[in-house]
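File shown: input22.cif (mmCIF, C-alpha atoms).
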```cif
data_data
loop_
_atom_site.group_PDB
_atom_site.id
_atom_site.type_symbol
_atom_site.label_atom_id
_atom_site.label_comp_id
_atom_site.auth_asym_id
_atom_site.auth_seq_id
_atom_site.Cartn_x
_atom_site.Cartn_y
_atom_site.Cartn_z
ATOM 1 C CA MET A 16 8.208 -15.627 0.845
ATOM 2 C CA THR A 17 4.500 -16.272 0.444
ATOM 3 C CA CYS A 18 1.264 -14.360 0.674
ATOM 4 C CA ALA A 19 -1.080 -17.296 1.243
ATOM 5 C CA SER A 20 -0.657 -17.256 5.016
ATOM 6 C CA TYR A 21 -1.707 -13.617 5.368
ATOM 7 C CA PRO A 22 -5.181 -13.409 6.922
ATOM 8 C CA TYR A 23 -5.522 -9.856 5.615
ATOM 9 C CA PHE A 24 -3.597 -9.751 2.348
ATOM 10 C CA PRO A 25 -2.793 -6.093 1.575
ATOM 11 C CA SER A 26 -5.063 -4.806 -1.116
ATOM 12 C CA HIS A 27 -2.319 -3.492 -3.344
ATOM 13 C CA CYS A 28 0.832 -4.308 -1.429
ATOM 14 C CA ILE A 29 2.634 -6.476 -3.938
ATOM 15 C CA LEU A 30 5.098 -9.130 -2.876
ATOM 16 C CA LEU A 31 7.427 -10.718 -5.377
ATOM 17 C CA SER A 32 7.751 -14.455 -4.844
ATOM 18 C CA LEU A 33 10.229 -16.957 -6.176
ATOM 19 C CA GLN A 34 7.339 -19.054 -7.468
ATOM 20 C CA PRO A 35 3.666 -18.321 -8.089
ATOM 21 C CA LEU A 36 1.209 -18.925 -5.292
ATOM 22 C CA PHE A 37 -1.793 -19.560 -7.518
ATOM 23 C CA PHE A 38 -2.072 -19.748 -11.259
ATOM 24 C CA VAL A 39 -4.966 -18.001 -12.923
ATOM 25 C CA ALA A 40 -7.957 -20.288 -12.710
ATOM 26 C CA PRO A 41 -9.780 -21.512 -15.839
ATOM 27 C CA GLY A 42 -12.467 -19.055 -16.803
ATOM 28 C CA ASP A 43 -10.676 -16.073 -15.273
ATOM 29 C CA PRO A 44 -10.133 -13.104 -17.597
ATOM 30 C CA VAL A 45 -6.823 -13.284 -19.442
ATOM 31 C CA ASN A 46 -6.706 -9.539 -19.947
ATOM 32 C CA VAL A 47 -8.053 -6.409 -18.294
ATOM 33 C CA GLY A 48 -7.708 -3.463 -20.583
ATOM 34 C CA ARG A 49 -4.364 -3.792 -22.329
ATOM 35 C CA TYR A 50 -2.824 -5.714 -19.424
ATOM 36 C CA GLN A 51 -2.176 -9.445 -19.466
ATOM 37 C CA ILE A 52 -2.954 -11.399 -16.299
ATOM 38 C CA LEU A 53 -0.198 -13.908 -15.526
ATOM 39 C CA GLU A 54 -0.835 -15.304 -12.049
ATOM 40 C CA THR A 55 -2.628 -14.605 -8.802
ATOM 41 C CA LEU A 56 -0.426 -13.331 -6.008
ATOM 42 C CA GLY A 57 -3.036 -13.171 -3.265
ATOM 43 C CA THR A 58 -6.681 -12.705 -2.445
ATOM 44 C CA GLY A 59 -8.600 -10.610 0.051
ATOM 45 C CA ALA A 60 -12.189 -10.332 1.203
ATOM 46 C CA SER A 61 -13.231 -8.122 -1.699
ATOM 47 C CA SER A 62 -10.394 -8.187 -4.214
ATOM 48 C CA ARG A 63 -7.591 -10.159 -5.791
ATOM 49 C CA VAL A 64 -4.025 -9.097 -6.606
ATOM 50 C CA VAL A 65 -2.405 -10.542 -9.718
ATOM 51 C CA ARG A 66 0.914 -10.230 -11.464
ATOM 52 C CA GLY A 67 0.400 -8.637 -14.852
ATOM 53 C CA TYR A 68 2.280 -7.483 -17.893
ATOM 54 C CA ASP A 69 1.975 -4.209 -19.771
ATOM 55 C CA PRO A 70 2.901 -4.958 -23.421
ATOM 56 C CA LEU A 71 2.830 -1.296 -24.403
ATOM 57 C CA ILE A 72 5.595 -0.283 -21.989
ATOM 58 C CA ASP A 73 7.110 -3.794 -21.660
ATOM 59 C CA ARG A 74 7.060 -4.000 -17.881
ATOM 60 C CA SER A 75 5.645 -6.189 -15.139
ATOM 61 C CA VAL A 76 2.911 -4.657 -13.021
ATOM 62 C CA ALA A 77 0.624 -5.566 -10.162
ATOM 63 C CA ILE A 78 -3.095 -5.440 -10.821
ATOM 64 C CA LYS A 79 -5.802 -5.340 -8.188
ATOM 65 C CA LEU A 80 -9.113 -6.757 -9.379
ATOM 66 C CA PHE A 81 -12.325 -5.717 -7.623
ATOM 67 C CA SER A 82 -15.795 -7.218 -7.509
ATOM 68 C CA PRO A 83 -17.945 -6.548 -10.590
ATOM 69 C CA GLU A 84 -20.438 -4.931 -8.186
ATOM 70 C CA LEU A 85 -18.141 -1.900 -8.260
ATOM 71 C CA GLY A 86 -18.291 -1.851 -12.053
ATOM 72 C CA ARG A 87 -21.919 -0.796 -12.346
ATOM 73 C CA GLY A 88 -24.228 1.945 -11.149
ATOM 74 C CA GLU A 89 -23.221 4.094 -8.205
ATOM 75 C CA GLY A 90 -20.321 1.769 -7.363
ATOM 76 C CA ARG A 91 -18.754 2.438 -10.769
ATOM 77 C CA ALA A 92 -18.774 6.208 -10.292
ATOM 78 C CA ARG A 93 -17.433 5.849 -6.738
ATOM 79 C CA PHE A 94 -14.612 3.552 -7.859
ATOM 80 C CA LEU A 95 -13.500 5.903 -10.617
ATOM 81 C CA ARG A 96 -13.700 8.918 -8.318
ATOM 82 C CA GLU A 97 -11.659 7.293 -5.531
ATOM 83 C CA ALA A 98 -9.074 5.931 -7.959
ATOM 84 C CA ARG A 99 -8.552 9.345 -9.561
ATOM 85 C CA VAL A 100 -7.961 10.938 -6.174
ATOM 86 C CA VAL A 101 -5.507 8.256 -5.055
ATOM 87 C CA GLY A 102 -3.745 8.347 -8.424
ATOM 88 C CA LYS A 103 -2.656 11.926 -7.743
ATOM 89 C CA LEU A 104 -0.493 10.837 -4.806
ATOM 90 C CA SER A 105 3.190 10.629 -5.669
ATOM 91 C CA HIS A 106 5.922 9.971 -3.127
ATOM 92 C CA PRO A 107 8.779 7.457 -2.671
ATOM 93 C CA PHE A 108 7.005 6.020 0.398
ATOM 94 C CA ILE A 109 3.708 5.451 -1.422
ATOM 95 C CA ILE A 110 3.011 2.670 -3.935
ATOM 96 C CA SER A 111 2.629 4.249 -7.378
ATOM 97 C CA LEU A 112 -0.705 3.880 -9.154
ATOM 98 C CA HIS A 113 -0.024 3.652 -12.901
ATOM 99 C CA ASP A 114 -3.477 3.188 -14.333
ATOM 100 C CA MET A 115 -7.059 2.220 -13.549
ATOM 101 C CA GLY A 116 -10.099 1.147 -15.463
ATOM 102 C CA ILE A 117 -13.055 -1.199 -15.797
ATOM 103 C CA GLU A 118 -12.872 -4.263 -18.026
ATOM 104 C CA GLU A 119 -16.195 -3.875 -19.808
ATOM 105 C CA SER A 120 -16.508 -7.520 -20.864
ATOM 106 C CA THR A 121 -16.755 -8.615 -17.226
ATOM 107 C CA LEU A 122 -17.437 -5.264 -15.487
ATOM 108 C CA THR A 123 -14.261 -5.861 -13.455
ATOM 109 C CA PRO A 124 -12.741 -2.669 -11.965
ATOM 110 C CA TYR A 125 -8.968 -2.755 -11.678
ATOM 111 C CA LEU A 126 -5.994 -0.747 -10.456
ATOM 112 C CA VAL A 127 -2.560 -1.094 -12.037
ATOM 113 C CA MET A 128 0.383 -0.466 -9.712
ATOM 114 C CA GLU A 129 4.118 -0.781 -9.546
ATOM 115 C CA LEU A 130 5.374 -4.273 -8.771
ATOM 116 C CA VAL A 131 7.778 -3.907 -5.861
ATOM 117 C CA GLU A 132 10.128 -6.468 -4.417
ATOM 118 C CA GLY A 133 9.876 -6.743 -0.669
ATOM 119 C CA GLN A 134 7.808 -8.015 2.212
ATOM 120 C CA SER A 135 5.067 -6.542 4.355
ATOM 121 C CA LEU A 136 5.524 -5.416 7.931
ATOM 122 C CA GLU A 137 2.996 -8.110 8.793
ATOM 123 C CA LYS A 138 5.444 -10.712 7.521
ATOM 124 C CA MET A 139 8.354 -9.092 9.358
ATOM 125 C CA LEU A 140 6.418 -9.058 12.628
ATOM 126 C CA LEU A 141 6.037 -12.827 12.500
ATOM 127 C CA LYS A 142 9.664 -12.895 13.673
ATOM 128 C CA GLY A 143 9.019 -10.543 16.594
ATOM 129 C CA SER A 144 9.784 -6.916 17.347
ATOM 130 C CA LEU A 145 12.244 -4.776 15.402
ATOM 131 C CA PRO A 146 15.226 -2.829 16.783
ATOM 132 C CA MET A 147 14.072 0.495 18.152
ATOM 133 C CA PRO A 148 15.881 2.687 15.568
ATOM 134 C CA THR A 149 14.514 0.551 12.713
ATOM 135 C CA ALA A 150 10.968 0.667 14.081
ATOM 136 C CA CYS A 151 11.126 4.441 14.540
ATOM 137 C CA ALA A 152 12.613 4.961 11.078
ATOM 138 C CA LEU A 153 9.906 2.929 9.361
ATOM 139 C CA ALA A 154 7.110 4.589 11.333
ATOM 140 C CA ALA A 155 8.567 8.056 10.677
ATOM 141 C CA GLN A 156 8.703 7.393 6.939
ATOM 142 C CA VAL A 157 5.127 6.096 6.936
ATOM 143 C CA ALA A 158 4.165 9.286 8.784
ATOM 144 C CA VAL A 159 5.798 11.269 5.971
ATOM 145 C CA ALA A 160 3.713 9.312 3.446
ATOM 146 C CA LEU A 161 0.567 10.031 5.450
ATOM 147 C CA SER A 162 1.427 13.722 5.612
ATOM 148 C CA VAL A 163 1.538 13.830 1.806
ATOM 149 C CA ALA A 164 -1.896 12.210 1.647
ATOM 150 C CA HIS A 165 -3.360 14.385 4.380
ATOM 151 C CA ARG A 166 -2.202 17.560 2.655
ATOM 152 C CA ALA A 167 -4.075 16.314 -0.414
ATOM 153 C CA GLY A 168 -7.188 15.781 1.695
ATOM 154 C CA ILE A 169 -6.917 11.986 1.624
ATOM 155 C CA ILE A 170 -7.363 9.865 4.749
ATOM 156 C CA HIS A 171 -5.903 6.389 4.447
ATOM 157 C CA GLY A 172 -8.432 4.682 6.713
ATOM 158 C CA ASP A 173 -6.703 1.299 7.012
ATOM 159 C CA VAL A 174 -3.134 1.768 8.267
ATOM 160 C CA LYS A 175 -1.846 -1.638 9.398
ATOM 161 C CA PRO A 176 1.285 -3.795 8.928
ATOM 162 C CA ALA A 177 -0.231 -5.685 5.997
ATOM 163 C CA ASN A 178 -0.586 -2.406 4.086
ATOM 164 C CA ILE A 179 3.037 -1.373 4.566
ATOM 165 C CA LEU A 180 5.514 -3.002 2.201
ATOM 166 C CA VAL A 181 9.212 -2.815 3.059
ATOM 167 C CA THR A 182 11.762 -2.933 0.265
ATOM 168 C CA PRO A 183 15.138 -4.708 0.564
ATOM 169 C CA GLU A 184 16.616 -1.246 1.276
ATOM 170 C CA MET A 185 14.277 -1.002 4.314
ATOM 171 C CA ARG A 186 12.142 1.727 2.765
ATOM 172 C CA PRO A 187 8.399 1.489 3.445
ATOM 173 C CA LYS A 188 5.767 1.703 0.735
ATOM 174 C CA LEU A 189 2.312 2.561 2.029
ATOM 175 C CA THR A 190 -0.552 1.021 0.074
ATOM 176 C CA ASP A 191 -4.342 0.824 -0.119
ATOM 177 C CA PHE A 192 -5.420 4.461 0.251
ATOM 178 C CA GLY A 193 -9.195 4.680 0.553
ATOM 179 C CA MET A 194 -9.822 1.212 -0.875
ATOM 180 C CA ALA A 195 -11.100 -0.248 2.421
ATOM 181 C CA ARG A 196 -13.854 2.380 2.486
ATOM 182 C CA LEU A 197 -14.657 1.613 -1.118
ATOM 183 C CA ALA A 198 -14.987 -2.097 -0.340
ATOM 184 C CA SER A 199 -17.149 -1.396 2.710
ATOM 185 C CA HIS A 200 -19.613 0.560 0.580
ATOM 186 C CA ASP A 201 -19.642 -2.326 -1.892
ATOM 187 C CA ASN A 202 -20.626 -4.691 0.927
ATOM 188 C CA GLY A 203 -23.341 -2.344 2.169
ATOM 189 C CA ASP A 204 -21.432 -1.561 5.374
ATOM 190 C CA THR A 205 -20.670 2.116 5.819
ATOM 191 C CA SER A 206 -19.664 2.082 9.486
ATOM 192 C CA LEU A 207 -16.675 -0.180 10.056
ATOM 193 C CA PHE A 208 -13.991 -1.407 7.694
ATOM 194 C CA GLY A 209 -10.395 -2.527 7.915
ATOM 195 C CA THR A 210 -8.855 -4.642 10.672
ATOM 196 C CA PRO A 211 -10.268 -4.314 14.222
ATOM 197 C CA ALA A 212 -6.926 -4.253 16.046
ATOM 198 C CA TYR A 213 -6.061 -1.008 14.202
ATOM 199 C CA TRP A 214 -9.418 0.748 14.495
ATOM 200 C CA CYS A 215 -9.439 4.118 16.232
ATOM 201 C CA PRO A 216 -12.033 4.936 18.923
ATOM 202 C CA GLU A 217 -13.975 7.374 16.743
ATOM 203 C CA GLN A 218 -14.334 4.699 14.064
ATOM 204 C CA ILE A 219 -15.808 2.220 16.550
ATOM 205 C CA ILE A 220 -18.362 4.654 17.956
ATOM 206 C CA GLY A 221 -19.351 5.970 14.533
ATOM 207 C CA ARG A 222 -17.941 9.481 14.727
ATOM 208 C CA PRO A 223 -16.292 11.241 11.772
ATOM 209 C CA GLN A 224 -12.671 10.357 11.105
ATOM 210 C CA ASP A 225 -9.895 12.692 10.068
ATOM 211 C CA ALA A 226 -6.123 12.664 9.648
ATOM 212 C CA ARG A 227 -5.644 12.015 13.366
ATOM 213 C CA SER A 228 -7.472 8.705 12.962
ATOM 214 C CA ASP A 229 -4.628 7.487 10.737
ATOM 215 C CA LEU A 230 -2.142 8.548 13.416
ATOM 216 C CA PHE A 231 -3.877 6.387 16.020
ATOM 217 C CA SER A 232 -3.589 3.374 13.700
ATOM 218 C CA LEU A 233 0.060 4.150 12.971
ATOM 219 C CA GLY A 234 0.636 4.346 16.730
ATOM 220 C CA VAL A 235 -0.736 0.819 17.060
ATOM 221 C CA VAL A 236 1.649 -0.324 14.306
ATOM 222 C CA LEU A 237 4.613 1.365 16.010
ATOM 223 C CA TYR A 238 3.723 -0.267 19.330
ATOM 224 C CA GLU A 239 3.803 -3.681 17.629
ATOM 225 C CA LEU A 240 7.101 -2.933 15.912
ATOM 226 C CA LEU A 241 8.696 -1.965 19.229
ATOM 227 C CA THR A 242 7.239 -4.660 21.489
ATOM 228 C CA GLY A 243 6.178 -7.494 19.202
ATOM 229 C CA ILE A 244 2.644 -7.465 20.663
ATOM 230 C CA SER A 245 -0.575 -5.643 19.925
ATOM 231 C CA PRO A 246 -1.581 -2.948 22.422
ATOM 232 C CA PHE A 247 -5.263 -3.918 22.198
ATOM 233 C CA ALA A 248 -5.752 -7.354 20.633
ATOM 234 C CA GLY A 249 -4.837 -10.780 21.964
ATOM 235 C CA GLU A 250 -4.646 -13.870 19.779
ATOM 236 C CA SER A 251 -8.030 -15.219 20.904
ATOM 237 C CA ASP A 252 -9.849 -11.945 21.636
ATOM 238 C CA SER A 253 -13.319 -11.489 20.192
ATOM 239 C CA LEU A 254 -14.287 -8.467 18.120
ATOM 240 C CA GLN A 255 -16.184 -7.036 21.080
ATOM 241 C CA THR A 256 -13.180 -7.494 23.376
ATOM 242 C CA VAL A 257 -10.844 -5.755 20.941
ATOM 243 C CA CYS A 258 -13.263 -2.840 20.563
ATOM 244 C CA ASN A 259 -13.616 -2.531 24.326
ATOM 245 C CA HIS A 260 -9.836 -2.438 24.711
ATOM 246 C CA VAL A 261 -9.478 0.247 22.042
ATOM 247 C CA LEU A 262 -12.153 2.347 23.716
ATOM 248 C CA SER A 263 -11.141 1.988 27.348
ATOM 249 C CA SER A 264 -7.791 0.274 27.894
ATOM 250 C CA THR A 265 -4.458 2.028 28.270
ATOM 251 C CA PRO A 266 -1.639 -0.219 27.065
ATOM 252 C CA LEU A 267 1.554 -0.592 29.041
ATOM 253 C CA PRO A 268 4.203 1.951 28.010
ATOM 254 C CA PRO A 269 6.603 0.325 25.522
ATOM 255 C CA SER A 270 9.567 0.784 27.863
ATOM 256 C CA HIS A 271 7.717 -1.310 30.472
ATOM 257 C CA VAL A 272 7.366 -4.136 27.944
ATOM 258 C CA ASN A 273 10.916 -3.862 26.611
ATOM 259 C CA ALA A 274 13.444 -2.280 28.970
ATOM 260 C CA SER A 275 15.785 -1.411 26.083
ATOM 261 C CA ILE A 276 13.261 1.075 24.693
ATOM 262 C CA PRO A 277 13.947 4.672 25.839
ATOM 263 C CA THR A 278 11.281 6.312 27.935
ATOM 264 C CA ALA A 279 10.966 9.105 25.362
ATOM 265 C CA ILE A 280 8.988 6.649 23.249
ATOM 266 C CA ASN A 281 6.329 6.392 25.963
ATOM 267 C CA GLU A 282 5.222 10.001 25.538
ATOM 268 C CA ILE A 283 5.084 9.688 21.753
ATOM 269 C CA MET A 284 3.044 6.513 22.057
ATOM 270 C CA ALA A 285 0.626 8.105 24.515
ATOM 271 C CA ALA A 286 0.174 11.032 22.128
ATOM 272 C CA CYS A 287 -0.626 8.650 19.247
ATOM 273 C CA LEU A 288 -3.009 6.433 21.201
ATOM 274 C CA ALA A 289 -5.013 9.117 22.997
ATOM 275 C CA LYS A 290 -8.692 8.164 22.890
ATOM 276 C CA ASP A 291 -9.829 11.718 22.168
ATOM 277 C CA PRO A 292 -8.516 13.036 18.817
ATOM 278 C CA GLN A 293 -8.209 16.495 20.403
ATOM 279 C CA HIS A 294 -5.616 15.073 22.822
ATOM 280 C CA ARG A 295 -3.816 13.071 20.123
ATOM 281 C CA ILE A 296 -0.741 14.189 18.224
ATOM 282 C CA GLN A 297 -2.191 16.589 15.686
ATOM 283 C CA SER A 298 -0.287 15.963 12.471
ATOM 284 C CA ALA A 299 1.741 13.328 10.677
ATOM 285 C CA GLU A 300 4.539 15.862 10.234
ATOM 286 C CA ALA A 301 4.756 16.349 13.992
ATOM 287 C CA LEU A 302 4.915 12.592 14.544
ATOM 288 C CA ALA A 303 7.706 12.215 11.975
ATOM 289 C CA ASP A 304 9.640 15.040 13.638
ATOM 290 C CA HIS A 305 9.463 13.205 16.965
ATOM 291 C CA LEU A 306 10.477 9.831 15.528
ATOM 292 C CA PHE A 307 13.364 10.681 13.190
ATOM 293 C CA PRO A 308 15.790 11.654 16.015
ATOM 294 C CA LEU A 309 15.066 8.325 17.736
ATOM 295 C CA ALA A 310 15.631 6.500 14.452
ATOM 296 C CA ARG A 311 19.213 7.794 14.410
ATOM 297 C CA ARG A 312 19.851 6.781 18.010
ATOM 298 C CA LYS A 313 21.965 3.718 18.747
ATOM 299 C CA PRO A 314 20.214 0.839 20.530
ATOM 300 C CA GLY A 315 20.680 0.965 24.292
ATOM 301 C CA ALA A 316 22.043 4.503 24.217
ATOM 302 C CA GLN A 317 21.184 6.535 27.277
ATOM 303 C CA GLN A 318 20.219 10.168 27.380
ATOM 304 C CA PRO A 319 23.352 12.255 28.071
ATOM 305 C CA ALA A 320 23.687 13.117 31.741
ATOM 306 C CA PRO A 321 23.279 16.810 32.545
ATOM 307 C CA PRO A 322 26.602 18.588 33.164
ATOM 308 C CA GLU A 323 27.712 19.159 36.723
ATOM 309 C CA PRO A 324 26.636 22.613 37.880
ATOM 310 C CA THR A 325 29.412 25.182 37.923
ATOM 311 C CA LEU A 326 29.837 27.998 40.430
ATOM 312 C CA ARG A 327 28.513 30.447 37.830
ATOM 313 C CA SER A 328 25.410 28.348 37.112
ATOM 314 C CA ARG A 329 24.709 27.843 40.825
ATOM 315 C CA THR A 330 25.037 31.598 41.396
ATOM 316 C CA ALA A 331 22.711 32.372 38.481
ATOM 317 C CA ARG A 332 20.151 29.894 39.759
ATOM 318 C CA PHE A 333 20.349 31.504 43.234
ATOM 319 C CA LEU A 334 19.815 34.989 41.796
ATOM 320 C CA ARG A 335 16.814 33.829 39.724
ATOM 321 C CA SER A 336 15.170 32.327 42.794
ATOM 322 C CA ALA A 337 15.870 35.292 45.056
#
```
Structure re-expressed in structure tokens:
Amino acid sequence: MTCASYPYFPSHCILLSLQPLFFVAPGDPVNVGRYQILETLGTGASSRVVRGYDPLIDRSVAIKLFSPELGRGEGRARFLREARVVGKLSHPFIISLHDMGIEESTLTPYLVMELVEGQSLEKMLLKGSLPMPTACALAAQVAVALSVAHRAGIIHGDVKPANILVTPEMRPKLTDFGMARLASHDNGDTSLFGTPAYWCPEQIIGRPQDARSDLFSLGVVLYELLTGISPFAGESDSLQTVCNHVLSSTPLPPSHVNASIPTAINEIMAACLAKDPQHRIQSAEALADHLFPLARRKPGAQQPAPPEPTLRSRTARFLRSA
């Protein structure tokens, strides 16, 4: 597997590869803090992810290196504050943050995370849609991870397939909490961040975001997992076109795209992708509760037919209507 082909490499979604993608370039720091930098795994617009080694504990780690602009002034305080908040999250479906710091010799901020074997949902989607129970299971578990963050007052802000790592046991690991917002402040852009196809309407029009904004983005991810296509973005669509679709288009119900998908999914999807947050599903817990039963359902299974009415039931119905 490789990370080089990812247009939006997950900020701290770490993919183990059979061979390194890039070796550390001459002049790059060999250490940050006590951690040795071994090789670069991938790069993003504002950061780089490297494989590292912790000699104190004798373990391999993943290290995300940020721009030195975040290592000074107001950016420094913001980085440390955000990292401390994210570091308090602990759950099997969330990538563990082990350590953070700023390498003073280069003013390079860094996060140290668990190194997890697996691949991102973005990589998995290159092969097309997933079976309905698998898609619902993964989305339900990501919803559980979001519920943990939301209870801690943390909004993810950049839920997308590239930020969801899937282990060989098919367990998701959600990554990159709050880091997209941090990078947007670093670039002087405080309005829009992340990937346009997963933006929620309130983000596009500049209104405050809350936990329901993450649920809209997760709904977009679930739609892709079920159908293999984006509900709002085509391959050649411009930024303006994608934003217009998010704001005004209603995607086809998943069961209309893939006839094997049960119609029950359509209502869940509509609740996730409602334009108005007040009309959207209101909590990650509620979304998980709706998805877990579908995750245990066999592909192609039909809803059980209602039992034939008996004489007693027909009589009771007659008396109720009298």
Polymer residues at most 10 Å from (6.5, 6.7, 2.0) by all atoms listed in the file, as a PDB file with C-alpha atoms, keeping the file's coordinate frame:
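Written output follows (point28.pdb):
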```pdb
ATOM      1  CA  SER A 105       3.190  10.629  -5.669  1.00  0.00           C
ATOM      2  CA  HIS A 106       5.922   9.971  -3.127  1.00  0.00           C
ATOM      3  CA  PRO A 107       8.779   7.457  -2.671  1.00  0.00           C
ATOM      4  CA  PHE A 108       7.005   6.020   0.398  1.00  0.00           C
ATOM      5  CA  ILE A 109       3.708   5.451  -1.422  1.00  0.00           C
ATOM      6  CA  ILE A 110       3.011   2.670  -3.935  1.00  0.00           C
ATOM      7  CA  LEU A 153       9.906   2.929   9.361  1.00  0.00           C
ATOM      8  CA  ALA A 154       7.110   4.589  11.333  1.00  0.00           C
ATOM      9  CA  ALA A 155       8.567   8.056  10.677  1.00  0.00           C
ATOM     10  CA  GLN A 156       8.703   7.393   6.939  1.00  0.00           C
ATOM     11  CA  VAL A 157       5.127   6.096   6.936  1.00  0.00           C
ATOM     12  CA  ALA A 158       4.165   9.286   8.784  1.00  0.00           C
ATOM     13  CA  VAL A 159       5.798  11.269   5.971  1.00  0.00           C
ATOM     14  CA  ALA A 160       3.713   9.312   3.446  1.00  0.00           C
ATOM     15  CA  LEU A 161       0.567  10.031   5.450  1.00  0.00           C
ATOM     16  CA  SER A 162       1.427  13.722   5.612  1.00  0.00           C
ATOM     17  CA  VAL A 163       1.538  13.830   1.806  1.00  0.00           C
ATOM     18  CA  ILE A 179       3.037  -1.373   4.566  1.00  0.00           C
ATOM     19  CA  LEU A 180       5.514  -3.002   2.201  1.00  0.00           C
ATOM     20  CA  VAL A 181       9.212  -2.815   3.059  1.00  0.00           C
ATOM     21  CA  ARG A 186      12.142   1.727   2.765  1.00  0.00           C
ATOM     22  CA  PRO A 187       8.399   1.489   3.445  1.00  0.00           C
ATOM     23  CA  LYS A 188       5.767   1.703   0.735  1.00  0.00           C
ATOM     24  CA  LEU A 189       2.312   2.561   2.029  1.00  0.00           C
ATOM     25  CA  THR A 190      -0.552   1.021   0.074  1.00  0.00           C
TER      26      THR A 190
END
```
Check your understanding: Written as a PyMOL selection string, what is the full residue list that the PyMOL selection byres ((chain A and resi 296) around 12) yields on the file shown?
Key -> chain A and resi 158+226-231+233-234+282-295+297-305
Exercise for review: Work out how far atom CA of A:Ala77 is from atom CA of A:Gly116, in Å to one decimal.
Suggested key: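 Atom CA of A:Gly116 sits 13.7 Å away from atom CA of A:Ala77.
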May I have the protein, DNA and RNA residues with an atom at most 9 Å from (11.2, -1.4, 24.5), counting only C-alpha atoms in the file's coordinates, returned as a PDB file with C-alpha atoms, keeping the file's coordinate frame?
```
ATOM      1  CA  PRO A 146      15.226  -2.829  16.783  1.00  0.00           C
ATOM      2  CA  MET A 147      14.072   0.495  18.152  1.00  0.00           C
ATOM      3  CA  LEU A 241       8.696  -1.965  19.229  1.00  0.00           C
ATOM      4  CA  THR A 242       7.239  -4.660  21.489  1.00  0.00           C
ATOM      5  CA  PRO A 268       4.203   1.951  28.010  1.00  0.00           C
ATOM      6  CA  PRO A 269       6.603   0.325  25.522  1.00  0.00           C
ATOM      7  CA  SER A 270       9.567   0.784  27.863  1.00  0.00           C
ATOM      8  CA  HIS A 271       7.717  -1.310  30.472  1.00  0.00           C
ATOM      9  CA  VAL A 272       7.366  -4.136  27.944  1.00  0.00           C
ATOM     10  CA  ASN A 273      10.916  -3.862  26.611  1.00  0.00           C
ATOM     11  CA  ALA A 274      13.444  -2.280  28.970  1.00  0.00           C
ATOM     12  CA  SER A 275      15.785  -1.411  26.083  1.00  0.00           C
ATOM     13  CA  ILE A 276      13.261   1.075  24.693  1.00  0.00           C
ATOM     14  CA  PRO A 277      13.947   4.672  25.839  1.00  0.00           C
ATOM     15  CA  THR A 278      11.281   6.312  27.935  1.00  0.00           C
ATOM     16  CA  ILE A 280       8.988   6.649  23.249  1.00  0.00           C
TER      17      ILE A 280
END
```
Check your understanding: Do you know which residues the PyMOL selection byres ((chain A and resi 99-102) around 10) returns on this file, as a list in words?
Key ->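 On the file shown, the PyMOL selection byres ((chain A and resi 99-102) around 10) covers Arg93, Phe94, Leu95, Arg96, Glu97, Ala98, Lys103, Leu104, Ser105, Ile110, Ser111, Leu112, His113, Asp114, Met115, Leu126, Met128, Ala164, Ala167, Gly168, Ile169, His171, Asp191, Phe192, Gly193 and Met194 of chain A.
As for atom CA of A:Leu140 and atom CA of A:Leu240, they are spaced 7.0 Å apart.
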Practice item. Measure the distance from atom CA of A:Arg49 to atom CA of A:Pro70 in Å and round it to one decimal. Key: 7.4 Å
Check your understanding: Could you name the residues that touch A:Ser82 at 7 Å or less, counting only C-alpha atoms, but leaving out those on the same chain fewer than 6 positions away, as a ChimeraX atom specification?
Key -> /A:61-62,123
**Study point:** Ground truth for the PyMOL selection byres ((chain A and resi 56) around 6), written as a ChimeraX atom specification
**Key:** /A:36,55,57,64-65
Residue subset to file, keeping C-alpha atoms, as a PDB file, in the frame of the given file:
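Output (result_32.pdb):
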```
ATOM      1  CA  LEU A  36       1.209 -18.925  -5.292  1.00  0.00           C
ATOM      2  CA  THR A  55      -2.628 -14.605  -8.802  1.00  0.00           C
ATOM      3  CA  GLY A  57      -3.036 -13.171  -3.265  1.00  0.00           C
ATOM      4  CA  VAL A  64      -4.025  -9.097  -6.606  1.00  0.00           C
ATOM      5  CA  VAL A  65      -2.405 -10.542  -9.718  1.00  0.00           C
TER       6      VAL A  65
END
```
Review point. Between A:Val45, A:Cys258, A:Ala212, A:Val127, which one has atoms that come closest to A:Asp69, using all atoms listed in the file?
Key: A:Val127
Exercise for review: Measuring atom to atom with all atoms listed in the file, identify which of A:Gly67, A:Pro308, A:Gly243, A:Gly90 is nearest to A:Pro176.
Suggested key: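 Closest candidate: A:Gly243.
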Exercise for review: Can you work out which one of A:Ile220, A:Val76, A:Pro83, A:Pro124 has the shortest atom-to-atom distance to A:Gly48, counting only C-alpha atoms?
Suggested key: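 Looking only at the distances to A:Gly48, the closest residue turns out to be A:Pro124.
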Exercise for review: Go through A:Thr121, A:Phe81, A:Glu239, A:Ser232 one by one, measure the shortest atom-to-atom distance of each to A:Met139 using only C-alpha atoms, and give the residue with the smallest value.
Suggested key: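 Smallest distance to A:Met139 is found for A:Glu239.
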